[in-house]
Structures are given as C-alpha cells and as structure tokens.
There are 2 protein chains.
Amino acid sequence: MPTHHLGPANEIVALDAYIKLLRAAESVTSRVHQTLPADLTVTQFGVLETLFHLGPLCQNQLATKLLKSSANLTLVVANLEKAGLIKRVRQAEDLRFITISLSPRGQAFIAKLFPKVAARIAEEFASLTAAEKAELCRLTKKLGLRAPST
Amino acid sequence: MPTHHLGPANEIVALDAYIKLLRAAESVTSRVHQTLPADLTVTQFGVLETLFHLGPLCQNQLATKLLKSSANLTLVVANLEKAGLIKRVRQAEDLRFITISLSPRGQAFIAKLFPKVAARIAEEFASLTAAEKAELCRLTKKLGLRAPST
DNA sequence: AGTTGGTGGTTTGACATCAAACTACCTCGG
DNA sequence: CCGAGGTAGTTTGATGTCAAACCACCAACT
C-alpha cells in the first residue's frame with residue numbers, strides 16, 4: 001500500500017545508501033577472503049564455520065543457515081568432501097537425509113582458522129566505535145528483516 | 001600495527017555486525033532482483049545503468065566502476081551485446097580500446113526500467129528515517145573506504 | 001497395499017566471478 | 001627502426017549461484 005512516488009530526493013538518498021551498503025559488504029568480504037588459505041572460498045569457509053559452531057547438519061539445514069540454494073550446497077559440499085574436510089553420511093532412519101559433519105582434519109582446520117578470521121573481522125570493524133557498531137546492527141537488521149517483496 | 005587481541009567481546013560484536021551487514025545487502029539485492037525482467041541479471045543491470053548515467057565507456061572503465069574484473073566484463077558485455085542492448089566499437093585512435101555504448105533499444109530499455117528500480121530501492125529503505133539513512137551512509141562509508149588489507 | 005503428494009538431494013543449463021596465461025597493440029628508449 | 005615494457009581485452013579453468021527438471025524416499029489417505 002505505501003510508497004508510490006516517495007519523491008526523487010528520497011530516491012537519491014536511498015540509492016546512495018544502497019550503493020554504500022553494497023560497497024561496504026563487498027569491501028570487507030574481499031579483505032576477509034584474503035586471510036583465507038588460497039584454495040578455500042568464502043562459501044566453503046561458511047560451511048565449515050557453521051558445522052564448527054552448530055555441529056553436524058543435513059544439507060537442507062545448511063542451505064537455510066547460509067541462505068543458499070540446496071543445489072548450490074550439493075556442489076560446495078562435494079568440493080569440501082573431495083578436499084577431505086567433511087563427511088557425508090546417509091541417515092539410516094530416513095534415507096532422504098544426508099548428515100554433513102566435519103572430518104577430524106576439517107575440525108582441526110577450522111578450529112585453527114576461525115580465530116584468525118574472527119580477529120580479522122574485528123579489525124575491519126575497528127574503525128567504528130562500539131556505539132556505531134551497535135547502530136549499524138540496528139539499521140541493517142531493519143533492512144534485512146523487511147518482508148520479502150512488498 | 002594495531003589490534004592483536006581486541007578481546008572476544010569485541011569480536012562477537014564485530015561478527016554480529018558483519019553478518020547483519022551481509023544479510024541486509026543480500027536481502028535488499030535479492031528483492032531488487034525480483035523487480036528486474038526475468039532474463040536480466042543484476043550485473044547486466046549494473047552495466048546498463050552505468051552507461052545510462054555516464055555515457056559510453058570502455059570496458060576497463062566499466063570494470064572499475066562496477067568493481068569487477070575485466071575478464072568478467074568481457075562475458076557480461078558479450079551477453080548484453082547478444083541481447084542487442086549495447087554496441088561495441090573498437091576505437092580508431094587506439095586499437096586496444098573498445099567503446100561500449102547503449103544501442104537505441106538498450107537506451108529505451110534502461111530509461112524505462114531504471115525509474116522502477118530506483119523506486120523499488122527507495123521502498124526497501126523506507127523502513128529507515130532520513131536520519132537513519134544518512135547514518136547508514138556514514139557508517140558503511142567508513143567500512144568501505146578502509147585501506148585494502150592492514 | 002497402492003497411489004498421491006511432499007521433502008531431501010542431484011543434475012542440468014546458463015550466468016557470474018576471479019586468477020592467470022595469453023594476444024594485440026601502443027610507446028618509449030636505444 | 002626495433003626491441004622492451006606496459007595496457008586493453010580475451011581465453012581458460014575452477015568455483016559459485018540459481019531455477020527448473022528430475023530422482024528417491026517417506027507419509028498419509030483411501
């Protein structure tokens with residue numbers, strides 16, 4: 001119901017904010033990516049980190065957590081399995097499910113890597129005060145939670 | 001040289017802010033994407049929009065504006081050319097350069113589409129007050145401008 | 001039991017994305 | 001004039017990404 005013609009001035013401000021939002025996200029992510037081992041992608045890190053903190057999950061749950069399609073996860077998980085960092089086990093009770101868990105190597109790998117990445121992200125945000133970080137959380141949360149499509 | 005151990009509390013806040021920043025960007029972008037014609041990708045829109053507002057550019061300039069690799073632009077531009085929305089013209093003075101410009105169809109297309117997308121973005125940001133939008137700009141700008149790698 | 005519908009996962013096809021190797025071209029110094 | 005180095009763009013190979021079609025399995029209902 002809202003918002004036919006909010007006015008061009010309003011649009012300009014919104015466009016500007018949107019561009020800066022994208023730039024900030026891309027910018028931080030690209031610098032975080034640089035701290036990862038060369039052959040580990042951001043998405044792969046995301047999978048390992050999620051398993052590390054939440055324990056074994058099936059692929060669908062992983063996809064939901066990471067906001068990715070399940071088709072996507074099939075590929076990423078396959079690559080991580082090739083690399084020997086995770087295991088896939090078909091659940092006996094319901095053969096549709098596949099439980100993804102960290103391999104011992106994967107566990108050690110992410111346990112060592114995660115603190116470095118966390119420290120890196122903290123550094124990236126060090127240019128903001130605590131109050132500013134909190135305010136950023138508040139504003140981005142509003143945007144993120146917005147109902148899908150008006 | 002700063003910033004060994006900023007402390008775990010600090011890290012938690014930074015991680016939280018980072019996640020919310022990513023979610024907000026993804027969330028808004030995915031909803032903006034829904035307003036585009038089904039066969040137009042966000043990147044393709046970005047190229048058309050840039051040409052629309054800045055006029056003809058060579059591929060390298062486009063890549064810089066859009067923060068993409070020049071290899072990437074080669075593909076995106078090729079797809080847009082296939083769709084008949086842009087033209088590629090080798091510059092006579094320096095044969096290395098290729099000028100990308102909107103075709104008449106592309107010009108009409110983006111002229112009609114852009115206002116819709118701008119309005120959509122304004123709607124997405126309507127949950128923030130003007131002051132909040134300004135604050136978001138200020139904070140994200142700080143993050144985006146951070147020196148590449150410490 | 002058998003069909004029917006829903007759910008988890010895979011496959012396919014198209015696009016995006018980058019790094020790195022490569023081509024074509026320009027320019028500058030000898 | 002010619003070779004060296006630099007720049008614009010393309011190609012290649014790997015990954016990510018999604019929608020849509022597909023397969024396998026479960027559950028529920030008749």
# chains A, B, ... in the order shown; residues from 1 in each chain; ligands from 1

call {"tool": "residues_around", "arguments": {"residues": "A:Thr99", "least_positions_apart": "5", "cutoff": "9 Å", "atoms": "only C-alpha atoms (C1' of nucleotides)", "output": "JSON, numbers by chain"}}
result
{"A": [56, 57, 58, 59, 87, 88, 89, 90, 91]}

call {"tool": "select_by_dssp", "arguments": {"residues": "stretch 3-91 of chain B", "states": "strand (DSSP E or B)", "output": "list in words"}}
result
Leu57, Cys58, Ile86, Lys87, Arg88, Val89 and Arg90 of chain B

call {"tool": "write_last_selection", "arguments": {"atoms": "C-alpha atoms", "output": "mmCIF file, in the first residue's frame"}}
result
data_model
loop_
_atom_site.group_PDB
_atom_site.id
_atom_site.type_symbol
_atom_site.label_atom_id
_atom_site.label_comp_id
_atom_site.auth_asym_id
_atom_site.auth_seq_id
_atom_site.Cartn_x
_atom_site.Cartn_y
_atom_site.Cartn_z
ATOM 1 C CA LEU B 57 32.788 3.901 -21.600
ATOM 2 C CA CYS B 58 35.493 1.439 -22.436
ATOM 3 C CA ILE B 86 24.697 -2.478 -26.263
ATOM 4 C CA LYS B 87 27.255 -1.927 -29.024
ATOM 5 C CA ARG B 88 31.000 -2.479 -29.003
ATOM 6 C CA VAL B 89 33.128 -0.210 -31.170
ATOM 7 C CA ARG B 90 36.887 -0.506 -31.497
#

call {"tool": "residues_around", "arguments": {"residues": "A:Cys137", "least_positions_apart": "6", "cutoff": "8 Å", "atoms": "only C-alpha atoms (C1' of nucleotides)", "output": "list of chain:residue names"}}
result
B:Asp16, B:Ala17, B:Lys20, B:Leu21

call {"tool": "interface_residues", "arguments": {"of": "chain A", "to": "chain C", "cutoff": "10 Å", "atoms": "only C-alpha atoms (C1' of nucleotides)", "output": "PyMOL selection string"}}
result
chain A and resi 58-60+70-71+73-75+94-98

call {"tool": "closest_atom_pairs", "arguments": {"of": "chain D", "to": "chain B", "cutoff": "9 Å", "atoms": "only C-alpha atoms (C1' of nucleotides)", "output": "tab-separated table"}}
result
residue	atom	partner	partner_atom	distance
D:DT7	C1'	B:Arg96	CA	8.1
D:DA8	C1'	B:Arg96	CA	5.0
D:DG9	C1'	B:Arg96	CA	7.3
D:DT10	C1'	B:Thr74	CA	7.4
D:DT11	C1'	B:Ala71	CA	8.9

call {"tool": "write_last_selection", "arguments": {"atoms": "C-alpha atoms (C1' of nucleotides)", "output": "tab-separated table (two decimals), in the first residue's frame"}}
result
chain	number	residue	atom	x	y	z
D	7	DT	C1'	47.98	-1.62	-21.21
D	8	DA	C1'	43.19	-3.36	-23.11
D	9	DG	C1'	40.86	-7.20	-23.86
D	10	DT	C1'	40.16	-12.34	-24.35
D	11	DT	C1'	40.59	-17.13	-23.08

call {"tool": "closest_atom_pairs", "arguments": {"of": "chain B", "to": "chain A", "cutoff": "8 Å", "atoms": "only C-alpha atoms", "output": "tab-separated table"}}
result
residue	atom	partner	partner_atom	distance
B:Thr3	CA	A:Glu123	CA	6.6
B:His4	CA	A:Ala119	CA	7.8
B:His5	CA	A:Ala119	CA	7.3
B:Leu6	CA	A:Ala122	CA	7.4
B:Asn10	CA	A:Ala122	CA	6.8
B:Glu11	CA	A:Ala122	CA	5.0
B:Val13	CA	A:Lys133	CA	7.3
B:Ala14	CA	A:Ala122	CA	5.1
B:Leu15	CA	A:Ile121	CA	6.6
B:Asp16	CA	A:Cys137	CA	7.4
B:Ala17	CA	A:Cys137	CA	5.2
B:Tyr18	CA	A:Ile121	CA	7.6
B:Lys20	CA	A:Thr140	CA	5.8
B:Leu21	CA	A:Thr140	CA	5.7
B:Leu22	CA	A:Ala25	CA	5.8
B:Arg23	CA	A:Gly144	CA	5.7
B:Ala24	CA	A:Gly144	CA	4.1
B:Ala25	CA	A:Leu22	CA	5.8
B:Ser27	CA	A:Gly144	CA	5.5
B:Val28	CA	A:Gly144	CA	7.1
B:Arg31	CA	A:Ser149	CA	6.1
B:Ala118	CA	A:Glu11	CA	6.3
B:Ala119	CA	A:Glu11	CA	6.5
B:Ile121	CA	A:Ala14	CA	6.4
B:Ala122	CA	A:Glu11	CA	5.0
B:Glu123	CA	A:Thr3	CA	6.5
B:Glu124	CA	A:Leu143	CA	7.2
B:Phe125	CA	A:Ala14	CA	6.0
B:Ser127	CA	A:Lys142	CA	7.0
B:Leu128	CA	A:Leu139	CA	7.4
B:Glu132	CA	A:Leu139	CA	7.3
B:Lys133	CA	A:Ala17	CA	6.4
B:Ala134	CA	A:Ala17	CA	7.4
B:Leu136	CA	A:Ala17	CA	6.7
B:Cys137	CA	A:Ala17	CA	5.1
B:Leu139	CA	A:Leu136	CA	7.0
B:Thr140	CA	A:Ala24	CA	5.4
B:Lys141	CA	A:Lys20	CA	6.0
B:Lys142	CA	A:Ser127	CA	7.0
B:Leu143	CA	A:Ala24	CA	5.4
B:Gly144	CA	A:Ala24	CA	4.1
B:Leu145	CA	A:Ala24	CA	7.8
B:Arg146	CA	A:Glu124	CA	7.7
B:Pro148	CA	A:Arg31	CA	6.8
B:Ser149	CA	A:Arg31	CA	6.1

call {"tool": "select_by_dssp", "arguments": {"residues": "chain B", "states": "helix (DSSP H, G or I)", "output": "ChimeraX atom specification"}}
result
/B:8-34,42-54,59-66,70-82,104-127,130-145
